[in-house]
file structure_25.csv (CSV, C-alpha atoms)
chain,number,residue,atom,x,y,z
V,27,MET,CA,10.5,3.5,24.5
V,28,ARG,CA,8.5,5.3,21.8
V,29,PRO,CA,5.0,4.0,20.8
V,30,ALA,CA,6.3,3.2,17.3
V,31,SER,CA,9.2,1.1,18.6
V,32,LEU,CA,6.8,-0.7,20.9
V,33,LEU,CA,4.4,-1.5,18.0
V,34,LEU,CA,7.3,-2.9,15.8
V,35,SER,CA,8.6,-4.9,18.7
V,36,ALA,CA,5.2,-6.4,19.4
V,37,VAL,CA,4.7,-7.4,15.7
V,38,LEU,CA,8.1,-9.0,15.5
V,39,LEU,CA,7.6,-10.8,18.9
V,40,LEU,CA,4.2,-12.1,17.8
V,41,GLY,CA,5.7,-13.4,14.6
V,42,LEU,CA,8.7,-15.1,16.1
V,43,SER,CA,7.0,-16.5,19.2
V,44,SER,CA,3.8,-17.9,17.6
V,45,PRO,CA,4.6,-21.0,15.6
V,46,ALA,CA,0.9,-21.9,15.6
V,47,LEU,CA,0.3,-19.1,13.1
V,48,ALA,CA,2.7,-20.7,10.7
V,49,LYS,CA,0.7,-23.9,10.4
V,50,GLY,CA,-1.4,-22.5,7.5
V,51,GLY,CA,0.9,-24.1,4.9
V,52,LYS,CA,4.4,-24.7,3.6
V,53,GLY,CA,6.7,-21.7,2.9
V,54,GLY,CA,7.2,-22.1,-0.8
V,55,GLY,CA,3.9,-23.6,-1.9
V,56,GLY,CA,1.2,-21.2,-2.3
V,57,GLY,CA,-1.2,-23.6,-0.7
V,58,GLY,CA,-2.3,-22.9,2.8
V,59,ARG,CA,-1.5,-19.3,3.7
V,60,LYS,CA,-4.2,-16.8,2.8
V,61,VAL,CA,-3.5,-13.7,4.9
V,62,ALA,CA,-0.4,-11.6,5.4
V,63,VAL,CA,-0.3,-8.9,8.0
V,64,LEU,CA,2.4,-6.3,7.3
V,65,LEU,CA,3.8,-3.3,9.1
V,66,ALA,CA,5.6,-0.5,7.1
V,67,PRO,CA,8.7,0.0,9.3
V,68,ALA,CA,9.9,3.2,7.4
V,69,GLN,CA,6.7,5.0,8.4
V,70,LEU,CA,7.4,4.6,12.1
V,71,THR,CA,9.9,7.5,11.6
V,72,VAL,CA,7.1,9.8,10.5
V,73,PRO,CA,5.7,8.7,13.2
V,74,GLN,CA,2.8,6.6,12.1
V,75,ALA,CA,2.0,2.9,12.0
V,76,GLU,CA,0.7,1.6,8.7
V,77,LEU,CA,-0.7,-1.8,8.5
V,78,THR,CA,-1.6,-3.7,5.4
V,79,VAL,CA,-3.7,-6.9,5.6
V,80,ASP,CA,-3.2,-8.8,2.3
V,81,ILE,CA,-6.1,-11.3,1.8
V,82,LYS,CA,-5.8,-13.9,-0.9
V,83,VAL,CA,-9.1,-14.2,-2.8
V,84,ALA,CA,-7.9,-16.4,-5.7
V,85,PRO,CA,-4.6,-18.3,-6.3
V,86,ARG,CA,-2.9,-15.2,-7.8
V,87,THR,CA,-5.2,-12.3,-6.7
V,88,SER,CA,-5.6,-10.5,-3.4
V,89,VAL,CA,-7.1,-7.4,-1.8
V,90,ALA,CA,-5.2,-5.5,0.8
V,91,PRO,CA,-6.9,-2.9,3.1
V,92,VAL,CA,-4.4,-0.3,4.3
V,93,ILE,CA,-4.8,1.7,7.6
V,94,ALA,CA,-2.4,4.0,9.3
V,95,LEU,CA,-2.5,5.4,12.8
V,96,ASP,CA,-0.9,8.8,13.5
V,97,LEU,CA,1.5,8.4,16.5
V,98,SER,CA,2.7,12.0,16.8
V,99,GLY,CA,0.3,12.8,19.6
V,100,PRO,CA,-2.9,11.2,20.8
V,101,ILE,CA,-3.3,8.1,18.5
V,102,ARG,CA,-5.7,8.8,15.7
V,103,LEU,CA,-6.5,7.6,12.2
V,104,GLY,CA,-3.8,8.8,9.7
V,105,HIS,CA,-5.0,7.5,6.4
V,106,PHE,CA,-6.7,4.5,4.9
V,107,GLY,CA,-7.4,2.8,1.6
V,108,GLY,CA,-6.6,-0.4,-0.2
V,109,GLN,CA,-4.9,-2.3,-2.9
V,110,LEU,CA,-5.9,-4.8,-5.5
V,111,ARG,CA,-2.9,-7.2,-6.2
V,112,HIS,CA,-2.2,-9.8,-8.9
V,113,SER,CA,0.8,-12.1,-8.8
V,114,PHE,CA,2.4,-12.5,-12.2
V,115,ALA,CA,5.5,-14.6,-11.3
V,116,GLY,CA,5.9,-17.2,-8.6
V,117,THR,CA,3.2,-17.6,-6.0
V,118,TRP,CA,1.3,-15.4,-3.7
V,119,GLU,CA,3.8,-16.3,-0.9
V,120,ARG,CA,7.0,-16.0,-2.9
V,121,GLY,CA,6.7,-14.0,-6.1
V,122,ALA,CA,6.2,-10.8,-8.0
V,123,PHE,CA,3.0,-8.8,-8.1
V,124,LEU,CA,1.3,-5.8,-9.7
V,125,ALA,CA,-0.9,-3.6,-7.5
V,126,ALA,CA,-3.4,-0.8,-7.9
V,127,GLU,CA,-3.8,1.4,-4.8
V,128,VAL,CA,-6.2,4.1,-3.6
V,129,VAL,CA,-5.6,5.8,-0.3
V,130,THR,CA,-6.8,9.0,1.4
V,131,GLY,CA,-4.2,11.8,1.5
V,132,ASP,CA,-1.2,12.3,-0.7
V,133,GLY,CA,-0.1,8.6,-0.9
V,134,SER,CA,3.6,9.4,-0.3
V,135,TRP,CA,5.4,7.2,2.2
V,136,LYS,CA,5.3,10.1,4.7
V,137,HIS,CA,1.6,10.9,4.0
V,138,GLU,CA,2.2,14.6,4.9
V,139,ASP,CA,-1.1,15.8,3.4
V,140,SER,CA,-4.3,14.1,4.6
V,141,THR,CA,-6.6,15.9,2.2
V,142,GLY,CA,-7.8,14.5,-1.1
V,143,VAL,CA,-7.1,11.0,-2.5
V,144,ALA,CA,-4.1,9.3,-4.2
V,145,PHE,CA,-4.3,6.7,-7.0
V,146,GLY,CA,-1.3,4.7,-8.0
V,147,GLY,CA,0.2,1.5,-9.3
V,148,MET,CA,3.3,-0.5,-8.4
V,149,ALA,CA,5.3,-3.6,-9.1
V,150,GLY,CA,6.5,-5.5,-6.1
V,151,GLY,CA,7.6,-8.7,-4.7
V,152,ARG,CA,7.1,-10.8,-1.6
V,153,TYR,CA,9.1,-13.5,0.1
V,154,THR,CA,7.6,-15.7,2.9
V,155,PHE,CA,10.2,-17.5,5.0
V,156,THR,CA,9.6,-20.7,6.9
V,157,PRO,CA,7.8,-20.6,9.3
V,158,ALA,CA,6.0,-17.5,8.0
V,159,LEU,CA,8.0,-14.3,8.4
V,160,THR,CA,7.1,-12.2,5.4
V,161,LEU,CA,9.0,-9.4,3.7
V,162,GLU,CA,7.7,-7.4,0.7
V,163,GLY,CA,8.5,-4.3,-1.3
V,164,GLY,CA,7.2,-2.4,-4.2
V,165,ILE,CA,7.8,0.8,-6.2
V,166,GLY,CA,5.6,2.7,-8.7
V,167,GLY,CA,3.9,5.9,-9.3
V,168,ARG,CA,0.9,7.8,-8.0
V,169,VAL,CA,-1.3,10.9,-8.5
V,170,HIS,CA,-2.6,12.9,-5.6
V,171,TRP,CA,-5.8,14.8,-6.3
V,172,ASP,CA,-6.3,17.5,-3.6
V,173,GLY,CA,-9.7,18.6,-5.0
V,174,SER,CA,-8.3,21.2,-7.4
V,175,LYS,CA,-5.1,19.9,-8.8
V,176,ALA,CA,-3.4,16.6,-9.5
V,177,TRP,CA,0.2,16.1,-8.2
V,178,PRO,CA,2.3,13.2,-9.5
V,179,GLY,CA,4.7,11.3,-7.3
V,180,ALA,CA,6.4,8.1,-6.4
V,181,LEU,CA,4.8,5.1,-4.6
V,182,VAL,CA,7.1,3.2,-2.4
V,183,HIS,CA,6.0,0.3,-0.2
V,184,LEU,CA,8.1,-1.8,2.2
V,185,GLY,CA,6.5,-4.3,4.6
V,186,ILE,CA,7.5,-6.8,7.3
V,187,GLY,CA,5.1,-9.1,8.9
V,188,TRP,CA,3.6,-12.6,9.2
V,189,SER,CA,1.6,-14.8,6.9
V,190,PHE,CA,-0.9,-17.4,8.0
call {"tool": "encode", "arguments": {"input": "structure_25.csv", "output": "structure tokens"}}
result
Amino acid sequence: MRPASLLLSAVLLLGLSSPALAKGGKGGGGGGRKVAVLLAPAQLTVPQAELTVDIKVAPRTSVAPVIALDLSGPIRLGHFGGQLRHSFAGTWERGAFLAAEVVTGDGSWKHEDSTGVAFGGMAGGRYTFTPALTLEGGIGGRVHWDGSKAWPGALVHLGIGWSF
């Protein structure tokens, strides 16, 4: 089994077999859960594992560090950055959000270029099931600055994980 498949399997198994993590609050409320740990499954095809840890800092606002590990050889840091998110409809657990993102590299879903920095914005949504399986997605635009030129592009985010 490939390392990417093992990582995805481990995340899903943890989520499905750990009801203790779901005791942070009720699914539709917006009350108890304060952290969502999400894996970007599409990036496993690159192969890299990108994790986003969305941390609620206010009822409608969160910060989300992003880190990726390159799985194409010896495991090493692929890219990193973060997002600032604000829910504008629904709740943090089940609703729509706007996000601003800054990451190292080109910021595309494949992250083919690790030089420079990418700035972007997106609109997205999240749905947290009961007990706490979480799905989210977003789409927007980005600009990759490689140090000499700015390159526009799309920003696509898909995540599956667990909220607690």
call {"tool": "atom_distance", "arguments": {"input": "structure_25.csv", "atom1": "atom CA of V:Trp177", "atom2": "atom CA of V:Pro100"}}
result
29.6 Å
call {"tool": "residues_around", "arguments": {"input": "structure_25.csv", "residues": "V:Gly187", "least_positions_apart": "4", "cutoff": "6 Å", "atoms": "all atoms listed in the file", "output": "number ranges by chain"}}
result
V: 63-65, 159-160
call {"tool": "residues_around", "arguments": {"input": "structure_25.csv", "residues": "V:Lys136", "least_positions_apart": "5", "cutoff": "10 Å", "atoms": "all atoms listed in the file", "output": "list in words"}}
result
Ala68, Gln69, Leu70, Thr71, Val72, Pro73 and Gln74 of chain V
call {"tool": "residues_around", "arguments": {"input": "structure_25.csv", "residues": "V:Val169", "least_positions_apart": "5", "cutoff": "7 Å", "atoms": "only C-alpha atoms", "output": "VMD selection string"}}
result
chain V and resid 144 to 146 176 to 179
call {"tool": "atom_distance", "arguments": {"input": "structure_25.csv", "atom1": "atom CA of V:Arg102", "atom2": "atom CA of V:His170"}}
result
21.9 Å
call {"tool": "residues_near_point", "arguments": {"input": "structure_25.csv", "point": "(0.1, 9.5, 5.3)", "cutoff": "7 Å", "atoms": "only C-alpha atoms", "output": "ChimeraX atom specification"}}
result
/V:104-105,131-140
call {"tool": "closest_residue", "arguments": {"input": "structure_25.csv", "among": "V:Arg111, V:Lys175, V:Arg120, V:Lys82", "to": "V:Gly147", "atoms": "all atoms listed in the file"}}
result
V:Arg111
call {"tool": "decode", "arguments": {"input": "structure_25.csv", "residues": "stretch 136-151 of chain V", "atoms": "all heavy atoms", "output": "mmCIF file, in the first residue's frame"}}
result
data_model
loop_
_atom_site.group_PDB
_atom_site.id
_atom_site.type_symbol
_atom_site.label_atom_id
_atom_site.label_comp_id
_atom_site.auth_asym_id
_atom_site.auth_seq_id
_atom_site.Cartn_x
_atom_site.Cartn_y
_atom_site.Cartn_z
ATOM 1 N N LYS V 136 -1.733 21.180 -7.045
ATOM 2 C CA LYS V 136 -0.595 20.275 -7.210
ATOM 3 C C LYS V 136 0.675 20.811 -6.564
ATOM 4 O O LYS V 136 1.604 20.063 -6.317
ATOM 5 C CB LYS V 136 -0.319 20.025 -8.694
ATOM 6 C CG LYS V 136 -1.316 19.127 -9.347
ATOM 7 C CD LYS V 136 -0.874 18.793 -10.749
ATOM 8 C CE LYS V 136 -1.735 17.729 -11.356
ATOM 9 N NZ LYS V 136 -1.229 17.292 -12.646
ATOM 10 N N HIS V 137 0.743 22.105 -6.323
ATOM 11 C CA HIS V 137 1.937 22.738 -5.740
ATOM 12 C C HIS V 137 3.198 22.257 -6.462
ATOM 13 O O HIS V 137 4.099 21.684 -5.869
ATOM 14 C CB HIS V 137 2.032 22.461 -4.239
ATOM 15 C CG HIS V 137 1.055 23.259 -3.440
ATOM 16 N ND1 HIS V 137 1.322 24.528 -3.004
ATOM 17 C CD2 HIS V 137 -0.201 22.978 -3.020
ATOM 18 C CE1 HIS V 137 0.284 24.987 -2.335
ATOM 19 N NE2 HIS V 137 -0.650 24.066 -2.340
ATOM 20 N N GLU V 138 3.238 22.473 -7.761
ATOM 21 C CA GLU V 138 4.362 22.012 -8.582
ATOM 22 C C GLU V 138 5.611 22.866 -8.433
ATOM 23 O O GLU V 138 6.700 22.431 -8.756
ATOM 24 C CB GLU V 138 3.938 21.958 -10.051
ATOM 25 C CG GLU V 138 2.872 20.897 -10.297
ATOM 26 C CD GLU V 138 2.318 20.938 -11.702
ATOM 27 O OE1 GLU V 138 2.277 22.038 -12.305
ATOM 28 O OE2 GLU V 138 1.925 19.886 -12.194
ATOM 29 N N ASP V 139 5.459 24.099 -7.959
ATOM 30 C CA ASP V 139 6.594 24.996 -7.807
ATOM 31 C C ASP V 139 6.698 25.394 -6.342
ATOM 32 O O ASP V 139 5.769 25.968 -5.784
ATOM 33 C CB ASP V 139 6.396 26.235 -8.683
ATOM 34 C CG ASP V 139 7.579 27.173 -8.664
ATOM 35 O OD1 ASP V 139 8.556 26.933 -7.915
ATOM 36 O OD2 ASP V 139 7.540 28.169 -9.402
ATOM 37 N N SER V 140 7.820 25.079 -5.706
ATOM 38 C CA SER V 140 7.969 25.375 -4.282
ATOM 39 C C SER V 140 8.636 26.724 -4.024
ATOM 40 O O SER V 140 8.843 27.094 -2.876
ATOM 41 C CB SER V 140 8.748 24.260 -3.589
ATOM 42 O OG SER V 140 10.037 24.159 -4.150
ATOM 43 N N THR V 141 8.961 27.476 -5.069
ATOM 44 C CA THR V 141 9.574 28.789 -4.880
ATOM 45 C C THR V 141 8.500 29.860 -4.777
ATOM 46 O O THR V 141 7.393 29.707 -5.273
ATOM 47 C CB THR V 141 10.518 29.140 -6.042
ATOM 48 O OG1 THR V 141 9.763 29.210 -7.251
ATOM 49 C CG2 THR V 141 11.618 28.102 -6.185
ATOM 50 N N GLY V 142 8.832 30.949 -4.131
ATOM 51 C CA GLY V 142 7.920 32.072 -4.037
ATOM 52 C C GLY V 142 6.818 31.857 -3.025
ATOM 53 O O GLY V 142 6.908 31.026 -2.126
ATOM 54 N N VAL V 143 5.757 32.637 -3.206
ATOM 55 C CA VAL V 143 4.627 32.609 -2.289
ATOM 56 C C VAL V 143 3.350 32.865 -3.089
ATOM 57 O O VAL V 143 3.378 33.552 -4.106
ATOM 58 C CB VAL V 143 4.816 33.647 -1.158
ATOM 59 C CG1 VAL V 143 4.820 35.067 -1.697
ATOM 60 C CG2 VAL V 143 3.803 33.479 -0.064
ATOM 61 N N ALA V 144 2.251 32.285 -2.644
ATOM 62 C CA ALA V 144 0.961 32.489 -3.295
ATOM 63 C C ALA V 144 -0.007 33.129 -2.307
ATOM 64 O O ALA V 144 -0.077 32.740 -1.144
ATOM 65 C CB ALA V 144 0.404 31.169 -3.803
ATOM 66 N N PHE V 145 -0.750 34.124 -2.793
ATOM 67 C CA PHE V 145 -1.785 34.807 -2.024
ATOM 68 C C PHE V 145 -3.103 34.536 -2.723
ATOM 69 O O PHE V 145 -3.165 34.595 -3.957
ATOM 70 C CB PHE V 145 -1.551 36.329 -2.020
ATOM 71 C CG PHE V 145 -0.203 36.730 -1.519
ATOM 72 C CD1 PHE V 145 0.870 36.840 -2.394
ATOM 73 C CD2 PHE V 145 -0.011 37.011 -0.181
ATOM 74 C CE1 PHE V 145 2.121 37.218 -1.940
ATOM 75 C CE2 PHE V 145 1.237 37.396 0.281
ATOM 76 C CZ PHE V 145 2.298 37.500 -0.603
ATOM 77 N N GLY V 146 -4.145 34.263 -1.975
ATOM 78 C CA GLY V 146 -5.421 34.004 -2.620
ATOM 79 C C GLY V 146 -6.596 34.188 -1.702
ATOM 80 O O GLY V 146 -6.455 34.422 -0.498
ATOM 81 N N GLY V 147 -7.767 34.069 -2.293
ATOM 82 C CA GLY V 147 -9.012 34.146 -1.551
ATOM 83 C C GLY V 147 -9.993 33.146 -2.129
ATOM 84 O O GLY V 147 -9.926 32.807 -3.319
ATOM 85 N N MET V 148 -10.883 32.646 -1.278
ATOM 86 C CA MET V 148 -11.868 31.686 -1.762
ATOM 87 C C MET V 148 -13.158 31.782 -0.962
ATOM 88 O O MET V 148 -13.178 32.299 0.153
ATOM 89 C CB MET V 148 -11.324 30.264 -1.700
ATOM 90 C CG MET V 148 -11.178 29.689 -0.318
ATOM 91 S SD MET V 148 -10.652 27.974 -0.372
ATOM 92 C CE MET V 148 -10.113 27.777 1.319
ATOM 93 N N ALA V 149 -14.215 31.264 -1.563
ATOM 94 C CA ALA V 149 -15.492 31.063 -0.894
ATOM 95 C C ALA V 149 -15.677 29.568 -0.774
ATOM 96 O O ALA V 149 -15.350 28.818 -1.705
ATOM 97 C CB ALA V 149 -16.623 31.690 -1.698
ATOM 98 N N GLY V 150 -16.159 29.120 0.375
ATOM 99 C CA GLY V 150 -16.306 27.684 0.579
ATOM 100 C C GLY V 150 -17.413 27.360 1.548
ATOM 101 O O GLY V 150 -18.119 28.241 2.034
ATOM 102 N N GLY V 151 -17.538 26.078 1.806
ATOM 103 C CA GLY V 151 -18.546 25.614 2.737
ATOM 104 C C GLY V 151 -18.065 24.387 3.475
ATOM 105 O O GLY V 151 -17.174 23.673 3.007
#
